[in-house]
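Q: Got a file for you: start39.tsv, TSV, C-alpha atoms.
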```
chain	number	residue	atom	x	y	z
A	1	ILE	CA	0.00	0.00	0.00
A	2	ALA	CA	2.86	2.38	0.85
A	3	LEU	CA	4.43	1.88	-2.60
A	4	ALA	CA	1.08	2.32	-4.34
A	5	LEU	CA	0.41	5.43	-2.28
A	6	ALA	CA	3.71	6.98	-3.33
A	7	ALA	CA	3.02	6.19	-6.97
A	8	SER	CA	-0.50	7.62	-6.73
A	9	LEU	CA	0.84	11.09	-5.97
A	10	SER	CA	2.14	11.39	-9.54
A	11	LEU	CA	-1.16	10.40	-11.18
A	12	THR	CA	-2.84	12.81	-13.61
A	13	ALA	CA	-6.50	13.22	-14.49
A	14	CYS	CA	-5.96	10.84	-17.41
A	15	ASP	CA	-4.68	8.03	-15.22
A	16	PRO	CA	-6.90	5.15	-14.13
A	17	PRO	CA	-8.67	5.46	-10.73
A	18	MET	CA	-6.69	4.68	-7.61
A	19	PRO	CA	-7.19	1.19	-6.17
A	20	PRO	CA	-9.60	1.12	-3.18
A	21	GLU	CA	-6.81	0.25	-0.72
A	22	VAL	CA	-4.83	3.31	-1.85
A	23	LEU	CA	-7.84	5.57	-1.41
A	24	ALA	CA	-8.39	4.05	2.05
A	25	SER	CA	-4.77	4.73	2.98
A	26	LEU	CA	-5.07	8.33	1.81
A	27	ALA	CA	-8.31	8.74	3.71
A	28	GLU	CA	-6.45	8.05	6.96
A	29	GLN	CA	-4.24	11.09	6.37
A	30	THR	CA	-6.77	13.74	5.46
A	31	TYR	CA	-10.42	14.77	5.66
A	32	THR	CA	-12.99	15.36	2.95
A	33	CYS	CA	-15.22	18.18	4.20
A	34	GLU	CA	-18.53	19.36	2.73
A	35	SER	CA	-20.58	22.05	4.46
A	36	GLY	CA	-23.96	21.08	5.86
A	37	ASP	CA	-25.60	18.96	8.53
A	38	THR	CA	-26.19	15.22	8.18
A	39	GLN	CA	-28.57	13.34	10.44
A	40	LEU	CA	-27.35	9.94	11.62
A	41	ALA	CA	-29.38	7.14	13.21
A	42	ALA	CA	-27.67	4.00	14.48
A	43	ILE	CA	-28.59	0.75	16.19
A	44	PRO	CA	-28.01	1.00	19.96
A	45	VAL	CA	-24.74	-0.96	19.99
A	46	VAL	CA	-23.21	1.61	17.61
A	47	ALA	CA	-25.08	4.73	18.77
A	48	ALA	CA	-22.84	4.89	21.85
A	49	VAL	CA	-19.95	6.20	19.73
A	50	ALA	CA	-21.97	8.61	17.57
A	51	ALA	CA	-21.16	11.50	19.91
A	52	ASP	CA	-17.47	10.99	19.11
A	53	TRP	CA	-18.17	11.44	15.40
A	54	GLN	CA	-20.29	14.50	16.13
A	55	PHE	CA	-17.47	16.14	18.08
A	56	GLY	CA	-14.70	14.99	15.76
A	57	VAL	CA	-16.23	16.21	12.52
A	58	GLU	CA	-16.95	19.65	13.98
A	59	THR	CA	-13.31	19.88	15.07
A	60	ASN	CA	-11.80	18.67	11.82
A	61	CYS	CA	-14.32	20.06	9.31
A	62	PRO	CA	-15.70	23.48	10.34
A	63	GLY	CA	-19.11	24.00	8.76
A	64	MET	CA	-19.77	20.25	8.44
A	65	THR	CA	-21.81	18.54	11.16
A	66	ILE	CA	-23.16	15.07	11.94
A	67	SER	CA	-26.24	15.09	14.18
A	68	PRO	CA	-27.18	11.81	15.90
A	69	VAL	CA	-30.92	11.08	16.18
A	70	GLU	CA	-32.56	8.29	18.13
A	71	VAL	CA	-35.15	7.26	15.55
A	72	ALA	CA	-34.57	7.10	11.81
A	73	THR	CA	-37.00	8.74	9.39
A	74	ASP	CA	-36.83	9.18	5.64
A	75	ALA	CA	-35.04	12.48	6.39
A	76	THR	CA	-32.22	10.69	8.21
A	77	ALA	CA	-29.45	10.71	5.62
A	78	LEU	CA	-27.18	8.13	7.29
A	79	GLN	CA	-28.62	5.00	8.87
A	80	ILE	CA	-26.57	2.24	10.52
A	81	HIS	CA	-28.66	-0.91	10.78
A	82	GLU	CA	-28.53	-4.68	10.79
A	83	SER	CA	-27.98	-6.14	7.33
A	84	ASN	CA	-31.27	-8.05	7.47
A	85	ALA	CA	-33.23	-4.88	8.28
A	86	ALA	CA	-34.18	-2.29	5.68
A	87	ALA	CA	-33.32	1.38	5.99
A	88	ILE	CA	-36.18	3.88	6.17
A	89	GLY	CA	-36.55	5.98	3.01
A	90	SER	CA	-35.01	5.89	-0.45
A	91	VAL	CA	-31.49	4.40	-0.33
A	92	PHE	CA	-29.00	5.59	-2.95
A	93	SER	CA	-25.99	3.76	-1.52
A	94	SER	CA	-25.44	0.99	0.99
A	95	VAL	CA	-22.15	-0.47	2.24
A	96	PRO	CA	-20.81	-2.63	5.07
A	97	PHE	CA	-19.94	-0.64	8.19
A	98	ALA	CA	-19.00	-3.02	11.00
A	99	VAL	CA	-18.90	-6.69	11.96
A	100	ASP	CA	-20.76	-8.76	14.56
A	101	ALA	CA	-21.40	-12.50	14.91
A	102	VAL	CA	-24.03	-14.98	16.04
A	103	VAL	CA	-22.96	-16.94	19.12
A	104	LEU	CA	-24.19	-19.31	21.79
A	105	ALA	CA	-23.73	-18.02	25.33
A	106	ALA	CA	-23.53	-20.58	28.14
A	107	SER	CA	-24.23	-19.87	31.80
A	108	LEU	CA	-22.25	-22.43	33.80
A	109	PRO	CA	-20.73	-22.09	37.30
A	110	ASP	CA	-16.91	-22.07	37.44
A	111	ILE	CA	-16.53	-22.92	33.73
A	112	SER	CA	-14.88	-20.31	31.53
A	113	ASN	CA	-14.63	-22.21	28.23
A	114	VAL	CA	-17.19	-24.42	26.53
A	115	SER	CA	-16.75	-26.29	23.25
A	116	LEU	CA	-19.63	-27.88	21.34
A	117	SER	CA	-19.78	-29.63	17.98
A	118	ALA	CA	-22.50	-29.07	15.39
A	119	ALA	CA	-23.86	-32.55	16.12
A	120	VAL	CA	-24.12	-31.85	19.86
A	121	ILE	CA	-25.72	-28.44	19.27
A	122	GLU	CA	-28.34	-30.10	17.05
A	123	LYS	CA	-29.11	-32.68	19.75
A	124	ILE	CA	-29.43	-29.94	22.39
A	125	SER	CA	-31.79	-27.99	20.14
A	126	LEU	CA	-33.89	-31.13	19.57
A	127	GLY	CA	-33.92	-31.98	23.30
A	128	GLN	CA	-31.94	-35.19	22.74
A	129	ILE	CA	-29.17	-33.89	25.04
A	130	SER	CA	-30.65	-32.16	28.07
A	131	ASN	CA	-27.88	-32.11	30.70
A	132	TRP	CA	-24.42	-30.53	30.70
A	133	SER	CA	-22.96	-33.72	32.19
A	134	ASP	CA	-23.89	-35.70	29.06
A	135	ALA	CA	-21.00	-37.90	27.87
A	136	GLU	CA	-20.83	-36.24	24.45
A	137	ILE	CA	-20.41	-32.79	26.01
A	138	ALA	CA	-17.90	-34.07	28.57
A	139	LYS	CA	-15.77	-35.59	25.79
A	140	LEU	CA	-15.54	-32.22	24.04
A	141	ASN	CA	-14.56	-30.46	27.29
A	142	PRO	CA	-11.92	-32.62	29.03
A	143	SER	CA	-10.42	-29.66	30.92
A	144	PHE	CA	-13.56	-29.19	33.02
A	145	GLU	CA	-15.86	-31.40	35.01
A	146	MET	CA	-19.18	-30.59	33.39
A	147	PRO	CA	-21.91	-30.04	36.00
A	148	ASP	CA	-24.98	-32.19	36.50
A	149	LEU	CA	-27.20	-29.35	35.38
A	150	ALA	CA	-30.19	-29.22	33.08
A	151	ILE	CA	-29.70	-27.37	29.78
A	152	SER	CA	-32.20	-24.59	29.22
A	153	PHE	CA	-32.02	-23.50	25.57
A	154	GLY	CA	-33.44	-20.23	24.26
A	155	SER	CA	-32.87	-17.57	21.65
A	156	GLU	CA	-32.83	-13.77	21.49
A	157	LEU	CA	-32.75	-13.88	17.70
A	158	SER	CA	-35.18	-14.44	14.88
A	159	SER	CA	-34.42	-17.17	12.33
A	160	ASP	CA	-33.17	-14.49	9.91
A	161	GLU	CA	-30.86	-13.02	12.54
A	162	ALA	CA	-29.54	-16.48	13.46
A	163	ALA	CA	-28.92	-17.44	9.81
A	164	PRO	CA	-25.09	-17.01	9.83
A	165	LEU	CA	-24.76	-19.64	12.57
A	166	THR	CA	-27.45	-22.00	11.26
A	167	THR	CA	-25.83	-21.85	7.82
A	168	TRP	CA	-22.38	-22.66	9.26
A	169	LEU	CA	-23.76	-25.53	11.34
A	170	SER	CA	-25.62	-26.82	8.28
A	171	ARG	CA	-22.32	-26.93	6.39
A	172	LEU	CA	-20.67	-28.82	9.25
A	173	LEU	CA	-23.58	-31.28	9.48
A	174	ALA	CA	-23.92	-31.60	5.69
A	175	LYS	CA	-27.69	-31.14	6.07
A	176	ASN	CA	-30.16	-28.38	6.79
A	177	PHE	CA	-30.33	-27.27	10.40
A	178	GLU	CA	-32.58	-24.82	12.25
A	179	PHE	CA	-32.71	-23.88	15.92
A	180	SER	CA	-35.93	-24.53	17.80
A	181	ASN	CA	-37.98	-21.44	18.58
A	182	ALA	CA	-37.70	-20.81	22.33
A	183	PRO	CA	-37.65	-17.03	22.98
A	184	THR	CA	-35.57	-15.78	25.91
A	185	THR	CA	-33.04	-13.06	26.75
A	186	LEU	CA	-29.59	-13.01	28.31
A	187	GLU	CA	-31.08	-11.18	31.28
A	188	GLN	CA	-33.40	-14.16	31.87
A	189	ALA	CA	-30.56	-16.68	31.71
A	190	THR	CA	-30.13	-18.89	34.77
A	191	GLU	CA	-27.47	-21.51	35.55
A	192	GLY	CA	-27.51	-24.07	32.79
A	193	SER	CA	-28.89	-21.71	30.16
A	194	LEU	CA	-27.66	-21.78	26.56
A	195	VAL	CA	-28.75	-18.64	24.72
A	196	LEU	CA	-28.51	-17.86	21.01
A	197	THR	CA	-27.46	-14.21	20.76
A	198	LYS	CA	-25.03	-11.74	19.18
A	199	PHE	CA	-21.33	-11.47	19.97
A	200	SER	CA	-21.84	-7.80	20.87
A	201	ARG	CA	-24.59	-8.64	23.37
A	202	ALA	CA	-22.62	-11.47	24.96
A	203	SER	CA	-19.52	-9.27	25.17
A	204	GLU	CA	-21.48	-6.52	26.90
A	205	VAL	CA	-22.49	-8.83	29.75
A	206	THR	CA	-19.20	-10.83	29.68
A	207	ALA	CA	-21.03	-14.08	28.98
A	208	THR	CA	-19.11	-17.28	28.23
A	209	MET	CA	-19.36	-17.90	24.48
A	210	VAL	CA	-19.33	-21.40	23.01
A	211	ALA	CA	-16.45	-22.48	20.76
A	212	ILE	CA	-17.57	-24.40	17.67
A	213	VAL	CA	-15.71	-27.68	17.14
A	214	THR	CA	-14.79	-28.61	13.56
A	215	LYS	CA	-12.56	-31.29	12.00
A	216	GLU	CA	-9.82	-28.70	11.58
A	217	THR	CA	-10.22	-27.26	15.09
A	218	PRO	CA	-10.94	-30.07	17.59
A	219	ASP	CA	-10.56	-27.62	20.48
A	220	GLY	CA	-13.17	-25.36	18.92
A	221	VAL	CA	-13.22	-21.98	17.19
A	222	ILE	CA	-13.75	-19.38	19.91
A	223	PRO	CA	-15.81	-16.34	18.92
A	224	ALA	CA	-13.35	-13.49	19.48
A	225	GLY	CA	-12.22	-10.35	17.70
A	226	GLU	CA	-9.45	-12.09	15.77
A	227	SER	CA	-11.47	-15.12	14.64
A	228	ILE	CA	-14.52	-13.06	13.64
A	229	THR	CA	-12.50	-10.42	11.78
A	230	THR	CA	-10.61	-13.19	9.97
A	231	ALA	CA	-13.89	-14.74	8.83
A	232	ALA	CA	-15.08	-11.32	7.62
A	233	THR	CA	-12.27	-11.36	5.03
A	234	MET	CA	-14.09	-14.30	3.39
A	235	PHE	CA	-16.90	-12.08	2.10
A	236	LYS	CA	-17.08	-11.16	-1.56
A	237	GLY	CA	-18.55	-7.81	-2.61
A	238	LYS	CA	-20.60	-6.96	-5.69
A	239	SER	CA	-21.59	-3.37	-6.44
A	240	ALA	CA	-24.69	-2.40	-8.40
A	241	ASN	CA	-26.45	1.00	-8.47
A	242	GLY	CA	-24.66	2.17	-5.32
A	243	ILE	CA	-25.46	-0.96	-3.32
A	244	LEU	CA	-22.46	-3.01	-2.23
A	245	ALA	CA	-23.85	-6.50	-1.60
A	246	LEU	CA	-21.76	-9.05	0.29
A	247	SER	CA	-21.87	-12.83	0.16
A	248	PHE	CA	-19.90	-15.19	2.38
A	249	ASP	CA	-17.68	-17.66	0.55
A	250	PRO	CA	-16.75	-20.61	2.82
A	251	GLU	CA	-14.14	-21.69	0.26
A	252	ALA	CA	-12.34	-18.33	0.32
A	253	THR	CA	-8.87	-18.15	1.85
A	254	PRO	CA	-9.11	-16.22	5.14
A	255	ILE	CA	-6.68	-13.37	5.82
A	256	ALA	CA	-5.19	-12.67	9.24
A	257	PRO	CA	-6.03	-9.34	10.88
A	258	ASP	CA	-3.35	-6.65	10.82
A	259	GLY	CA	-0.51	-7.39	13.22
A	260	ILE	CA	-1.18	-11.14	13.43
A	261	ASN	CA	1.23	-13.44	11.56
A	262	LYS	CA	-0.66	-16.73	11.81
A	263	VAL	CA	-4.16	-16.83	10.34
A	264	PRO	CA	-6.63	-17.63	13.15
A	265	ALA	CA	-9.30	-20.25	12.53
A	266	PRO	CA	-12.25	-18.21	11.22
A	267	TYR	CA	-15.44	-18.04	13.27
A	268	GLU	CA	-17.76	-18.28	10.30
A	269	ALA	CA	-21.06	-17.12	11.82
A	270	VAL	CA	-20.36	-13.50	10.89
A	271	THR	CA	-23.03	-10.84	10.52
A	272	ILE	CA	-22.55	-7.48	8.83
A	273	ILE	CA	-23.80	-4.13	10.11
A	274	THR	CA	-24.78	-1.88	7.21
A	275	LEU	CA	-24.44	1.85	6.51
A	276	SER	CA	-27.16	3.20	4.21
A	277	LEU	CA	-27.18	6.63	2.56
A	278	VAL	CA	-30.77	7.81	2.25
A	279	GLY	CA	-32.68	10.57	0.46
A	280	GLU	CA	-31.05	13.07	-1.89
A	281	ASP	CA	-27.61	12.07	-3.14
A	282	THR	CA	-25.50	14.97	-1.88
A	283	LEU	CA	-21.79	15.44	-1.39
A	284	ALA	CA	-22.45	16.36	2.25
A	285	THR	CA	-24.05	12.95	2.90
A	286	ARG	CA	-21.23	11.14	1.13
A	287	ALA	CA	-18.58	13.13	2.99
A	288	ALA	CA	-20.22	12.29	6.32
A	289	ALA	CA	-20.40	8.60	5.37
A	290	ARG	CA	-16.75	8.66	4.38
A	291	TYR	CA	-15.84	10.38	7.65
A	292	ILE	CA	-17.41	7.70	9.87
A	293	LEU	CA	-15.92	4.90	7.75
A	294	ARG	CA	-12.55	6.60	8.18
A	295	GLN	CA	-13.08	6.78	11.94
A	296	ASP	CA	-13.99	3.09	11.91
A	297	SER	CA	-10.37	2.08	11.32
A	298	GLN	CA	-9.04	4.51	13.92
A	299	GLY	CA	-10.63	2.75	16.85
A	300	SER	CA	-13.86	4.64	17.48
A	301	LEU	CA	-15.76	1.36	17.38
A	302	GLY	CA	-13.52	0.13	20.18
A	303	LEU	CA	-15.85	2.04	22.49
A	304	SER	CA	-18.72	-0.21	21.35
A	305	TYR	CA	-19.05	-4.00	21.30
A	306	VAL	CA	-19.03	-4.46	17.53
A	307	LEU	CA	-15.88	-4.96	15.48
A	308	ALA	CA	-14.28	-2.79	12.82
A	309	LEU	CA	-14.35	-4.02	9.23
A	310	PRO	CA	-11.27	-5.78	7.91
A	311	GLU	CA	-9.34	-3.43	5.65
A	312	SER	CA	-10.37	-5.35	2.52
A	313	LEU	CA	-14.05	-4.54	3.13
A	314	ARG	CA	-13.50	-1.04	4.46
A	315	ALA	CA	-11.54	-0.08	1.33
A	316	ILE	CA	-14.34	-1.05	-1.06
A	317	ALA	CA	-16.95	0.56	1.21
A	318	LEU	CA	-14.98	3.84	1.18
A	319	ALA	CA	-14.64	3.69	-2.60
A	320	GLU	CA	-18.42	3.25	-2.98
A	321	VAL	CA	-19.51	6.12	-0.74
A	322	SER	CA	-16.78	8.43	-2.07
A	323	LYS	CA	-18.14	8.55	-5.62
A	324	GLY	CA	-18.34	12.18	-6.71
A	325	LEU	CA	-16.23	13.48	-3.81
A	326	PRO	CA	-12.90	15.22	-4.44
A	327	MET	CA	-9.98	12.84	-4.61
A	328	PRO	CA	-8.16	12.63	-1.26
A	329	THR	CA	-4.79	14.30	-0.99
A	330	ILE	CA	-1.99	14.14	1.55
A	331	ALA	CA	-2.89	16.22	4.60
A	332	PRO	CA	-0.58	19.07	5.63
A	333	GLU	CA	2.06	18.05	8.16
A	334	GLY	CA	0.64	17.95	11.68
A	335	ASN	CA	-2.94	16.96	10.67
```
Produce structure tokens that represent the structure in this file.
A:
Amino acid sequence: IALALAASLSLTACDPPMPPEVLASLAEQTYTCESGDTQLAAIPVVAAVAADWQFGVETNCPGMTISPVEVATDATALQIHESNAAAIGSVFSSVPFAVDAVVLAASLPDISNVSLSAAVIEKISLGQISNWSDAEIAKLNPSFEMPDLAISFGSELSSDEAAPLTTWLSRLLAKNFEFSNAPTTLEQATEGSLVLTKFSRASEVTATMVAIVTKETPDGVIPAGESITTAATMFKGKSANGILALSFDPEATPIAPDGINKVPAPYEAVTIITLSLVGEDTLATRAAARYILRQDSQGSLGLSYVLALPESLRAIALAEVSKGLPMPTIAPEGN
């Protein structure tokens, strides 16, 4: 990227467009400012950091503001929402914004790690395994003495929301799999509970998350920042009419997160949080979208419980929302 960035500085208007990763690298060194106010609505897990964007953009781009609102309307130009939920209003561009995952959270006394295979999870869901001391569970967890405790299974998620995990388990089982419908919440969890939920929710309450056992990972793939971000590099993007659609490719070669030499086993039940640009297609809306995608890689999302996009996805998201904006340039020294 550094070599491509240096070469890009000599490009003329007749040269081909910069690669997305070069534009992303440039975006980290400067700001694209367009005067005007942009309303932003975000799901609660992301809304916690919206005040940082509001303050930051006013500091770095005088005359440009981002105003967080609690409820989205068709006048809310930027909307951050779950990928399986539609934005409100007319969307002219939509890109990935952040990463989450579907997990199973176990509530067990004095046990900090739990591993389950797809076959065991299916049996628990069907009621064929009903106690944590079951021999099949004990075999997968030799480091702990599993308690003689009834398993209480429930879900915070709809079938659509749970799809990334059910799809992964279906691949592991080589047959279709669906969780039983037993609504519950993490707050209602008692000892012995196994709750289908999001990584962000389980992280917020420091719940023990189940590692998924596969042939390649007999100890289980633990849902964690590194394993989820690695799996997020296995998405393929296709752009059409401003919409950047992603599809997960289980055959894709995963890429290690920045700073990690060995590729972690990917936790494949990844879900994408989406950024939609709504209403009139203005440079102010695009500049605001680009600003919060830029902040994404600088750690603002570290104040929430969702994960930043891997650079491969963030680069193509930046390229999509930046259409029509001035090309980024190197910021003056000290910015």
Q: Would you write out, as a tab-separated table, a table of all residues in region 97-192 of chain A that have an atom no more than 12 Å from an atom of region 302-316 of chain A, listing for each the closest atom pair and the distance in Å to one decimal, considering all atoms listed in the file and ordering rows by chain and rising residue number?
A:
```
residue	atom	partner	partner_atom	distance
A:Phe97	CA	A:Leu309	CA	6.6
A:Ala98	CA	A:Ala308	CA	5.1
A:Val99	CA	A:Leu307	CA	5.0
A:Asp100	CA	A:Val306	CA	5.5
A:Ala101	CA	A:Val306	CA	8.8
A:Val102	CA	A:Val306	CA	11.7
```
Q: Between A:Lys139, A:Lys123, A:Lys262, A:Lys198, single out the one closest to Ser227 (chain A), counting only C-alpha atoms.
A: A:Lys262
Q: Separation of CA of Thr32 (chain A) and CA of Asn241 (chain A), in Å?
A: 22.8 Å
Q: I'd like the contact shell of region 41-50 of chain A - 7 Å cut-off, only C-alpha atoms, skipping same-chain residues fewer than 3 positions apart - returned as a list of chain:residue names.
A: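 Non-adjacent residues within range: A:Trp53, A:Gln54, A:Pro68, A:Val69, A:Glu70, A:Val71, A:Ala72, A:Thr76, A:Leu78, A:Gln79, A:Ile80, A:His81, A:Ser300, A:Leu301, A:Leu303, A:Ser304, A:Tyr305.
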Q: Of the candidates A:Ile212, A:Asn141, A:Asn113, A:Arg290, which one gets nearest to Val57 (chain A) if we count all atoms listed in the file?
A: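 Between A:Ile212, A:Asn141, A:Asn113, A:Arg290, the residue approaching Val57 (chain A) most closely is A:Arg290.
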Q: Which polymer residues have any atom within 8 Å of an atom of Pro164 (chain A), counting all atoms listed in the file, with same-chain residues fewer than 2 positions away left out, as a list of chain:residue names?
A: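 Those residues are A:Ala101, A:Val102, A:Glu161, A:Ala162, A:Thr166, A:Thr167, A:Trp168, A:Glu268, A:Ala269, A:Val270, A:Thr271.
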Q: Take region 260-277 of chain A, bring it up to N, CA and C atoms, and give me the output as a tab-separated table (two decimals), in the coordinates of the input.
A:
```tsv
chain	number	residue	atom	x	y	z
A	260	ILE	N	-1.19	-9.74	13.04
A	260	ILE	CA	-1.18	-11.14	13.43
A	260	ILE	C	-0.56	-11.95	12.30
A	261	ASN	N	0.50	-12.70	12.60
A	261	ASN	CA	1.23	-13.44	11.56
A	261	ASN	C	0.52	-14.71	11.15
A	262	LYS	N	0.01	-15.48	12.11
A	262	LYS	CA	-0.66	-16.73	11.81
A	262	LYS	C	-2.15	-16.50	11.66
A	263	VAL	N	-2.72	-17.03	10.59
A	263	VAL	CA	-4.16	-16.83	10.34
A	263	VAL	C	-4.97	-17.60	11.38
A	264	PRO	N	-5.79	-16.92	12.18
A	264	PRO	CA	-6.63	-17.63	13.15
A	264	PRO	C	-7.69	-18.45	12.43
A	265	ALA	N	-8.16	-19.51	13.07
A	265	ALA	CA	-9.30	-20.25	12.53
A	265	ALA	C	-10.50	-19.31	12.49
A	266	PRO	N	-11.15	-19.17	11.34
A	266	PRO	CA	-12.25	-18.21	11.22
A	266	PRO	C	-13.52	-18.66	11.93
A	267	TYR	N	-14.13	-17.78	12.68
A	267	TYR	CA	-15.44	-18.04	13.27
A	267	TYR	C	-16.46	-17.60	12.23
A	268	GLU	N	-17.07	-18.56	11.56
A	268	GLU	CA	-17.76	-18.28	10.30
A	268	GLU	C	-19.18	-17.74	10.44
A	269	ALA	N	-19.69	-17.63	11.65
A	269	ALA	CA	-21.06	-17.12	11.82
A	269	ALA	C	-21.05	-15.60	11.93
A	270	VAL	N	-20.54	-14.95	10.88
A	270	VAL	CA	-20.36	-13.50	10.89
A	270	VAL	C	-21.61	-12.80	10.38
A	271	THR	N	-21.94	-11.68	11.00
A	271	THR	CA	-23.03	-10.84	10.52
A	271	THR	C	-22.49	-9.45	10.27
A	272	ILE	N	-23.02	-8.80	9.24
A	272	ILE	CA	-22.55	-7.48	8.83
A	272	ILE	C	-23.53	-6.40	9.28
A	273	ILE	N	-23.01	-5.33	9.81
A	273	ILE	CA	-23.80	-4.13	10.11
A	273	ILE	C	-23.63	-3.17	8.94
A	274	THR	N	-24.74	-2.62	8.47
A	274	THR	CA	-24.78	-1.88	7.21
A	274	THR	C	-24.92	-0.38	7.43
A	275	LEU	N	-24.28	0.39	6.56
A	275	LEU	CA	-24.44	1.85	6.51
A	275	LEU	C	-25.20	2.18	5.23
A	276	SER	N	-26.37	2.79	5.37
A	276	SER	CA	-27.16	3.20	4.21
A	276	SER	C	-27.20	4.71	4.10
A	277	LEU	N	-27.08	5.21	2.88
A	277	LEU	CA	-27.18	6.63	2.56
A	277	LEU	C	-28.55	6.84	1.94
```
